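Undergrad: Mind having a look at this structure? Questions to follow.
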Amino acid sequence: MLQGWVVVLISFAYLGLLFAIAYYADQRADRGRSVIASPYIYSLSLAVYATAWTFYGSVGRAAADGVGFLPIYLGPTLMIALWWIVMRKILRISKLNRITSLADFVASRYGKSALLGGVVTVIAVIGIVPYISLQLKAVSNSFTIVLQYPEIIMPAKVGAVPVLADTAFWVALILALFTILFGTRHLYSAEHHEGMVAAIAFESLVKLLAFLAVGVFVTFGIYNGFGDVFARAASEPKLAAMLTPLEGVAGSYASWVWLTILSMLAIMFLPRQFQVTVIENVDEKHLNKAIWLFPLYMLAINVFVLPIAFGGRLHFPDGSVDADTFVLTLPMVEKQELLALLVFIGGLSAATGMVIVETIALSTMVCNDLLMPVLLRLRRLRLSERPDLTGLLLGIRRGAIVAILLLGYLYFRLAGEAYALVSIGLISFAAVAQFAPAVLGGIFWKGATRRGALWGLIGGFGVWFYTLLLPALARSDWVPRSLLEQGPFGVELLKPLALFGLAGLDQITHAMLWSMIANVGAYVSVSLLGTQTAEEHRQASVFVDIFRREAGGARFWRGTASVPDLYNLLVRFLGVEGAEAVFGEYARARGRRWPDEALEADAEFVHFVETRLAGAIGAASARIMVASAVKEEALELDEVREILDEASQVVVYSHRLEQKSRELEAATAELRAANERLKELDRLKDDFMSTVTHELRTPLTSIRAFSEILLANPDVELEQRGKFLAIITKETERLTRLINQVLDLAKIESGRAEWHVTRVDMRELVTETLAGMSQVFKEKGIEVETELPDHVPPVQADLDRVIQVLLNLLSNAVKFCAPERGRIEVSVSENPGSVRVDVRDNGPGISPEFQEAIFDKFRQAGDTLTEKPAGTGLGLHISRQIVEHFGGRMWVESRLGEGACFSFTLPVGPVRAETRADARVS
Amino acid sequence: MRAGDLAPRRTGSYLGNVGGGGRARPGTEEAPMDRLDRKSQRLVALCLLGFLLFNYPILALFNRAGLVFGIPVLYAYIFAAWAALVALMAIVVGRSGG
């Protein structure tokens, strides 16, 4: 069933399906219902990382050295954890600056340098060519092998077949055509290739399912699970050594580390990864899910690699079958036609996914960052005067796609045979790793200069070329082998595989070490020694401070422009429709209507147009074009610095201002609170004054009334006169008492009272006080009961004051006792650390709402308006002040109708230092 | 009168508080380290953890003969650690929300 035409037909059907998916996604996007606006599609599209290398090559590598294939997948797992910091910044920068590719990113960062963009493009193209050749090799090999079914025959040596009869050549052409149809339908490259992304996500599913299918088949179909595979491998002497393979077989731990680092960088700087991760990203938040979904994908696609590798080694012990083809040949030798076909399709999807995205990304770079800046500068072509350049741009991109694939094929013919799939891929990884210093340094280090980046890239790439690419060509005899063995011109120190005598490392570790030293060394030292131009300084600030200020490019432009010029400029690169859309968008953002209302060609507008133009032709080309269309004055470095400083100063000032105003607010709030408190105190004082005067007036009124009566009626009877005089005397006494108490209170509260602290025996004090009042009790017929312990510890207090307190409580009790059968209980008891005195009466009691209030100034239980006050209202207040002064407590317990019990405590022993100090002062 | 005595003293102490409050406030300001939110810090920690787990010397501890559930120790370790790392990343990202 696996005849040639069936396989070809199914392959084309598969490509057709991809195209249908892409078409559908594009249609949906045009209607505003994007299918790629999903973190799952985004994560799947990142899995374009898994190419034919992963699909076929991992098994090949595992069959040779066990776990040696894993760092390539562990590295990205580690790197993606840092993406929330690094990639989010790159995403934000790229969105705001309409970055179209990795080269554009680097060029834009270092002052929109066309030269730098060109260098990055050249490095990327040369670096990626081996990688593309790997895909061609994998597809053509798998195709050739699957055609031989049921025989297992390895493909013939490449050189033996003429180009036109070589499957790989036709694969390259078909893929080129397919990519052109796919990726160059729209010009505007900063916009998303929705169709492409949807198709890539689908391909990621297909290759995962195909690989899992063959993995399950080998592990559980041919063998009895993982344990069985490993057990059988362990019984083979040749394979047993691979079960603990990190020493010797897989190279040193050093190469393990370098492979991890290499793949950490590759996941960010492979042009296709940059394309799907950055350019095609529709929402930063998609990173959230991708951070764990993408590593999960890689974990899943690697689970069965080892069983398949060992299964292959066990099945083909003689080594006649290339380990890179085990994934395909195992189902074939087991006569699983359909599975073999599925594997072939899976491998095809892995390869096509990579080729499509990689060549689209590279063709964008070649067009925007390599050819356009050159063409625009060549005055002879008069390109800048042509009315419509969209056709030319698309033509360049299509040509670039074909050229890149043919270069891949060329490399495959030249050097593809000497290496396994993984080794070819690693050469490309090492090439793109050279972008790391310029990009990572560029987004975190403002001081990095264009020259630094340029020399870093050139140095690193030069070393890469010399230590990796040249040996690859030499192994295929395209460069004399003596170069490897004796070094150039016989200089041993310069041997490409042991530069400066550094031997004993594997090729990748060796190359990475030297190229990174050259790259980072040149990048840092040249940056530190040189100076930045105005444009560089400004771009550095825009990139590094991207989260601190949003899109501030307009501030840096000065000159004059006209709206028609800008319009014509856009029309030439985007077409009339595109230009209209851009102008419309700008007008809408400013609340105008284009074309009804005139737009002003100010700095902001020029900046907007330039950014949009950069989205189509790259930052460097856009800069050239805008500069040619408008009159502008160049800003000096000092001016740029000034603008930046001003801006940052403004930020600092506004920050400080904010803080000041926050402080001020807080201060205001506190002042307001203080004021409220003052007002409250003022009100209390007024209340106090009016209450005092009111209290004073009552006795005064009666004294005056009786005095007037006596004055006006000299003939009042003696008995009557005596009664009146008694009232006057009593009221005068009350007045005196009141005034004394007010004075007393004022003294206590202001801290000017005199305290004579002595040791006071409460038992004695209570007994004496009760004795002094016995006449009063007798008069009122009150029964007094005492409960005194034999001994209480002395308290430190002012004897007179405590007597004052007790007298006050007792006279209150007398006042409120039930008439006729009044009864007062006084008890003294010892509490831990204090002595407690209780005075209980059997009066009407105090309702709970008044129990606290009665200790306030001039407050009495009951309604003072209707009931005649039975005291000054100061006694309890003063008593409490006194008790608290000595560190004690005073409270009341009562229930209505059941009498009240006033209690106070005084601490035993030495009084508080504060009180003593107080006493001494007075 | 007493209230009058008391008031200026009170106000004075409030002003004192205002000054103190002003000095205490910079703590709420955005310090450079705070800009790296919790999520980023946790993810960086996971990256470092992964680097530790998948490198010498931890890796060497598992690089020996022997089987765990029929799977060579080294293979079992790498895949288990890998899965655990992915799970932790999912938890960190999931907990911090969008």
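Numbering starts fresh at 1 for the residues of each chain in the structure tokens, the chains themselves are lettered A, B, ... in the order given, and ligands are numbered from 1 as they appear.
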Go through chain A residue by residue and, counting only C-alpha atoms, keep those with an atom at most 7 Å from chain B; for each kept residue give the shortest atom pair and its distance in Å to one decimal, ordered by chain and increasing number, as a tab-separated table.

TA:
```
residue	atom	partner	partner_atom	distance
A:Leu78	CA	B:Cys47	CA	4.9
A:Met79	CA	B:Cys47	CA	7.0
A:Ala81	CA	B:Leu43	CA	5.2
A:Leu82	CA	B:Val44	CA	5.8
A:Trp84	CA	B:Ser40	CA	6.2
A:Ile85	CA	B:Ser40	CA	6.4
A:Phe226	CA	B:Ile71	CA	6.7
A:Gly227	CA	B:Gly70	CA	4.1
A:Phe230	CA	B:Ile71	CA	6.4
A:Leu243	CA	B:Pro72	CA	6.1
A:Thr244	CA	B:Arg64	CA	5.4
A:Leu246	CA	B:Asn63	CA	6.8
A:Tyr253	CA	B:Tyr56	CA	6.6
A:Val257	CA	B:Asn55	CA	6.9
A:Lys285	CA	B:Gly98	CA	6.5
A:Asn288	CA	B:Val93	CA	6.1
A:Trp292	CA	B:Ala90	CA	5.3
A:Pro295	CA	B:Val86	CA	6.5
A:Leu296	CA	B:Val86	CA	6.4
A:Glu663	CA	B:Gly22	CA	5.7
A:Ala667	CA	B:Val18	CA	5.4
A:Glu670	CA	B:Tyr14	CA	6.8
A:Ala674	CA	B:Thr11	CA	6.1
A:Leu678	CA	B:Ala7	CA	6.2
A:Leu681	CA	B:Ala3	CA	5.9
A:Asp682	CA	B:Ala3	CA	6.8
A:Lys685	CA	B:Ala3	CA	6.4
A:Ser750	CA	B:Arg2	CA	6.5
```

Undergrad: I'd like the neighbourhood of Thr701 in chain A as a PyMOL selection string, where a residue qualifies if any of its atoms comes within 12 Å (using only C-alpha atoms), though same-chain residues fewer than 5 positions away should be ignored.

TA: chain A and resi 693-696+706-708+727-728+731-732+735

Undergrad: Keeping N, CA and C atoms for every residue in the selection just given, could you write it to a file as an mmCIF file, in the first residue's frame?

TA:
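Okay, result-v8.cif is ready:
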```cif
data_model
loop_
_atom_site.group_PDB
_atom_site.id
_atom_site.type_symbol
_atom_site.label_atom_id
_atom_site.label_comp_id
_atom_site.auth_asym_id
_atom_site.auth_seq_id
_atom_site.Cartn_x
_atom_site.Cartn_y
_atom_site.Cartn_z
ATOM 1 N N THR A 693 -21.498 77.023 87.384
ATOM 2 C CA THR A 693 -22.225 78.251 87.715
ATOM 3 C C THR A 693 -23.661 77.940 88.094
ATOM 4 N N HIS A 694 -24.230 76.938 87.389
ATOM 5 C CA HIS A 694 -25.588 76.546 87.729
ATOM 6 C C HIS A 694 -25.650 76.019 89.173
ATOM 7 N N GLU A 695 -24.672 75.170 89.469
ATOM 8 C CA GLU A 695 -24.635 74.594 90.818
ATOM 9 C C GLU A 695 -24.417 75.685 91.875
ATOM 10 N N LEU A 696 -23.634 76.686 91.524
ATOM 11 C CA LEU A 696 -23.370 77.768 92.466
ATOM 12 C C LEU A 696 -24.609 78.626 92.665
ATOM 13 N N PHE A 706 -33.765 84.185 101.177
ATOM 14 C CA PHE A 706 -34.044 84.246 102.607
ATOM 15 C C PHE A 706 -33.461 85.512 103.240
ATOM 16 N N SER A 707 -32.289 85.941 102.762
ATOM 17 C CA SER A 707 -31.712 87.176 103.292
ATOM 18 C C SER A 707 -32.648 88.349 103.008
ATOM 19 N N GLU A 708 -33.194 88.388 101.736
ATOM 20 C CA GLU A 708 -34.089 89.489 101.372
ATOM 21 C C GLU A 708 -35.341 89.486 102.240
ATOM 22 N N ILE A 727 -31.226 77.768 107.258
ATOM 23 C CA ILE A 727 -31.170 77.434 105.829
ATOM 24 C C ILE A 727 -30.016 78.174 105.170
ATOM 25 N N ILE A 728 -29.893 79.446 105.476
ATOM 26 C CA ILE A 728 -28.816 80.234 104.870
ATOM 27 C C ILE A 728 -27.464 79.624 105.228
ATOM 28 N N GLU A 731 -26.982 76.400 103.261
ATOM 29 C CA GLU A 731 -26.705 76.651 101.842
ATOM 30 C C GLU A 731 -25.303 77.211 101.670
ATOM 31 N N THR A 732 -24.882 78.047 102.623
ATOM 32 C CA THR A 732 -23.534 78.594 102.540
ATOM 33 C C THR A 732 -22.505 77.472 102.655
ATOM 34 N N LEU A 735 -22.337 75.748 99.500
ATOM 35 C CA LEU A 735 -21.605 76.551 98.538
ATOM 36 C C LEU A 735 -20.090 76.380 98.756
#
```

Undergrad: Quick one: residues within 7 Å of range 780-791 of chain A, only C-alpha atoms, excluding same-chain residues fewer than 5 positions away - as a list in words?

TA: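 Neighbouring residues, sequence-local ones excluded: Arg763, Glu820, Arg821, Gly822, Arg823, Ile824, Glu825, Val826, Ser827, Val828 and Ser829 of chain A.
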
Undergrad: Using C-alpha atoms, can you export the residues from the last selection as a compact mmCIF listing (two decimals), in the first residue's frame?

TA:
```txt
# COMPACT_ATOMS: atom_id res chain seq x y z
CA ARG A 763 -8.54 48.35 108.53
CA GLU A 820 -36.28 53.77 107.97
CA ARG A 821 -34.53 50.45 107.63
CA GLY A 822 -31.35 51.55 105.90
CA ARG A 823 -28.43 49.22 105.99
CA ILE A 824 -24.82 49.69 104.96
CA GLU A 825 -22.18 46.99 104.71
CA VAL A 826 -18.51 47.91 104.67
CA SER A 827 -15.91 45.28 104.04
CA VAL A 828 -12.15 45.27 103.62
CA SER A 829 -10.44 42.36 101.88
```

Undergrad: Quick check, in Å to one decimal: how far apart do CA of Phe435 in chain A and CA of Phe269 in chain A lie?

TA: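 Separating CA of Phe435 in chain A from CA of Phe269 in chain A is a distance of 6.6 Å.
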